[in-house]
Amino acid sequence: MMEGDPIIARLRERKEAFEFAGETLREDARFTLVLNPDELSIRETRRALDSLYEAELPVAGLVVNKLTPEPDPDEQGRGATYLRDRVETEQERLTEIRGSFDAPIVAEIETRVREVKGDLLGDVAGELGLEPRPTP
């Protein structure tokens, strides 16, 4: 190994940068994972949490997204029946999430008819207890 080798110097710089990034993530960051109330999302979140814990990265909590709104009690018909069944299934999954994950649920967000962008960002930020930033 040559002392002034530019490749070795570059590799050392990268190593130091990665060590700094890892230390910063462990000490200054908190991860919040977003999952949907379905089996695939629960499995993927479990894997992601395992990876974060293995890397000793801190997890602040979970946000459960796309929860189905419950129909009003006087609503009848096929659509209302579907929504009630879906809400029941999602509540079972929420119970599973609460009982099987170490990270707490920090927010539950109902599904929206439209994508969450524009004016809807403020609504969701409010549900999360965040102050939306003005767009430049």
# chains A, B, ... in the order shown; residues from 1 in each chain; ligands from 1

call {"tool": "residues_around", "arguments": {"residues": "Pro73 (chain A)", "least_positions_apart": "6", "cutoff": "12 Å", "atoms": "only C-alpha atoms", "output": "ChimeraX atom specification"}}
result
/A:80-81,83-84

call {"tool": "write_last_selection", "arguments": {"atoms": "N, CA and C atoms", "output": "PDB file, in the first residue's frame"}}
result
ATOM      1  N   ALA A  80     -72.475   0.752   2.512  1.00  0.00           N
ATOM      2  CA  ALA A  80     -72.329   0.896   3.967  1.00  0.00           C
ATOM      3  C   ALA A  80     -71.906  -0.431   4.595  1.00  0.00           C
ATOM      4  N   THR A  81     -72.457  -1.537   4.099  1.00  0.00           N
ATOM      5  CA  THR A  81     -72.073  -2.858   4.605  1.00  0.00           C
ATOM      6  C   THR A  81     -70.599  -3.124   4.323  1.00  0.00           C
ATOM      7  N   LEU A  83     -68.216  -0.877   3.876  1.00  0.00           N
ATOM      8  CA  LEU A  83     -67.397  -0.020   4.726  1.00  0.00           C
ATOM      9  C   LEU A  83     -67.327  -0.539   6.158  1.00  0.00           C
ATOM     10  N   ARG A  84     -68.468  -0.998   6.695  1.00  0.00           N
ATOM     11  CA  ARG A  84     -68.467  -1.539   8.066  1.00  0.00           C
ATOM     12  C   ARG A  84     -67.576  -2.774   8.165  1.00  0.00           C
TER      13      ARG A  84
END

call {"tool": "atom_distance", "arguments": {"atom1": "CA of Ser100 (chain A)", "atom2": "CA of Val34 (chain A)"}}
result
15.7 Å

call {"tool": "closest_residue", "arguments": {"among": "A:Glu88, A:Thr111, A:Tyr53, A:Ile7", "to": "Leu67 (chain A)", "atoms": "only C-alpha atoms"}}
result
A:Thr111

call {"tool": "atom_distance", "arguments": {"atom1": "CA of Leu52 (chain A)", "atom2": "CA of Thr68 (chain A)"}}
result
28.7 Å

call {"tool": "select_by_dssp", "arguments": {"residues": "region 34-85 of chain A", "states": "alpha helix (DSSP H)", "output": "ChimeraX atom specification"}}
result
/A:39-54,78-85

call {"tool": "write_last_selection", "arguments": {"atoms": "N, CA and C atoms", "output": "JSON list (two decimals), in the first residue's frame"}}
result
[["chain", "number", "residue", "atom", "x", "y", "z"],
["A", 39, "GLU", "N", -52.14, -6.76, 5.45],
["A", 39, "GLU", "CA", -51.14, -7.75, 5.84],
["A", 39, "GLU", "C", -49.77, -7.48, 5.22],
["A", 40, "LEU", "N", -49.73, -7.15, 3.94],
["A", 40, "LEU", "CA", -48.45, -6.90, 3.27],
["A", 40, "LEU", "C", -47.72, -5.73, 3.93],
["A", 41, "SER", "N", -48.41, -4.65, 4.17],
["A", 41, "SER", "CA", -47.80, -3.48, 4.78],
["A", 41, "SER", "C", -47.31, -3.79, 6.19],
["A", 42, "ILE", "N", -48.07, -4.57, 6.94],
["A", 42, "ILE", "CA", -47.66, -4.96, 8.29],
["A", 42, "ILE", "C", -46.37, -5.79, 8.23],
["A", 43, "ARG", "N", -46.31, -6.74, 7.31],
["A", 43, "ARG", "CA", -45.10, -7.57, 7.18],
["A", 43, "ARG", "C", -43.89, -6.72, 6.79],
["A", 44, "GLU", "N", -44.07, -5.82, 5.80],
["A", 44, "GLU", "CA", -42.97, -4.97, 5.36],
["A", 44, "GLU", "C", -42.51, -4.04, 6.48],
["A", 45, "THR", "N", -43.44, -3.53, 7.26],
["A", 45, "THR", "CA", -43.08, -2.65, 8.37],
["A", 45, "THR", "C", -42.32, -3.43, 9.43],
["A", 46, "ARG", "N", -42.73, -4.66, 9.68],
["A", 46, "ARG", "CA", -42.01, -5.50, 10.65],
["A", 46, "ARG", "C", -40.56, -5.69, 10.20],
["A", 47, "ARG", "N", -40.36, -5.96, 8.91],
["A", 47, "ARG", "CA", -38.99, -6.13, 8.39],
["A", 47, "ARG", "C", -38.20, -4.83, 8.51],
["A", 48, "ALA", "N", -38.83, -3.71, 8.17],
["A", 48, "ALA", "CA", -38.14, -2.42, 8.26],
["A", 48, "ALA", "C", -37.76, -2.11, 9.71],
["A", 49, "LEU", "N", -38.66, -2.36, 10.64],
["A", 49, "LEU", "CA", -38.35, -2.13, 12.05],
["A", 49, "LEU", "C", -37.21, -3.00, 12.52],
["A", 50, "ASP", "N", -37.23, -4.28, 12.14],
["A", 50, "ASP", "CA", -36.14, -5.18, 12.51],
["A", 50, "ASP", "C", -34.80, -4.63, 12.00],
["A", 51, "SER", "N", -34.79, -4.14, 10.76],
["A", 51, "SER", "CA", -33.55, -3.58, 10.19],
["A", 51, "SER", "C", -33.10, -2.34, 10.94],
["A", 52, "LEU", "N", -34.04, -1.47, 11.27],
["A", 52, "LEU", "CA", -33.69, -0.25, 12.02],
["A", 52, "LEU", "C", -33.16, -0.59, 13.40],
["A", 53, "TYR", "N", -33.82, -1.53, 14.10],
["A", 53, "TYR", "CA", -33.36, -1.92, 15.43],
["A", 53, "TYR", "C", -31.99, -2.59, 15.35],
["A", 54, "GLU", "N", -31.78, -3.42, 14.34],
["A", 54, "GLU", "CA", -30.49, -4.09, 14.17],
["A", 54, "GLU", "C", -29.37, -3.09, 13.95],
["A", 78, "ARG", "N", -75.41, -1.73, 0.27],
["A", 78, "ARG", "CA", -74.20, -2.50, -0.01],
["A", 78, "ARG", "C", -72.91, -1.73, 0.33],
["A", 79, "GLY", "N", -72.87, -0.45, -0.03],
["A", 79, "GLY", "CA", -71.68, 0.36, 0.25],
["A", 79, "GLY", "C", -71.43, 0.49, 1.74],
["A", 80, "ALA", "N", -72.47, 0.75, 2.51],
["A", 80, "ALA", "CA", -72.33, 0.90, 3.97],
["A", 80, "ALA", "C", -71.91, -0.43, 4.60],
["A", 81, "THR", "N", -72.46, -1.54, 4.10],
["A", 81, "THR", "CA", -72.07, -2.86, 4.60],
["A", 81, "THR", "C", -70.60, -3.12, 4.32],
["A", 82, "TYR", "N", -70.16, -2.80, 3.12],
["A", 82, "TYR", "CA", -68.76, -2.97, 2.74],
["A", 82, "TYR", "C", -67.86, -2.15, 3.68],
["A", 83, "LEU", "N", -68.22, -0.88, 3.88],
["A", 83, "LEU", "CA", -67.40, -0.02, 4.73],
["A", 83, "LEU", "C", -67.33, -0.54, 6.16],
["A", 84, "ARG", "N", -68.47, -1.00, 6.70],
["A", 84, "ARG", "CA", -68.47, -1.54, 8.07],
["A", 84, "ARG", "C", -67.58, -2.77, 8.17],
["A", 85, "ASP", "N", -67.65, -3.67, 7.17],
["A", 85, "ASP", "CA", -66.79, -4.86, 7.16],
["A", 85, "ASP", "C", -65.32, -4.46, 7.08]]
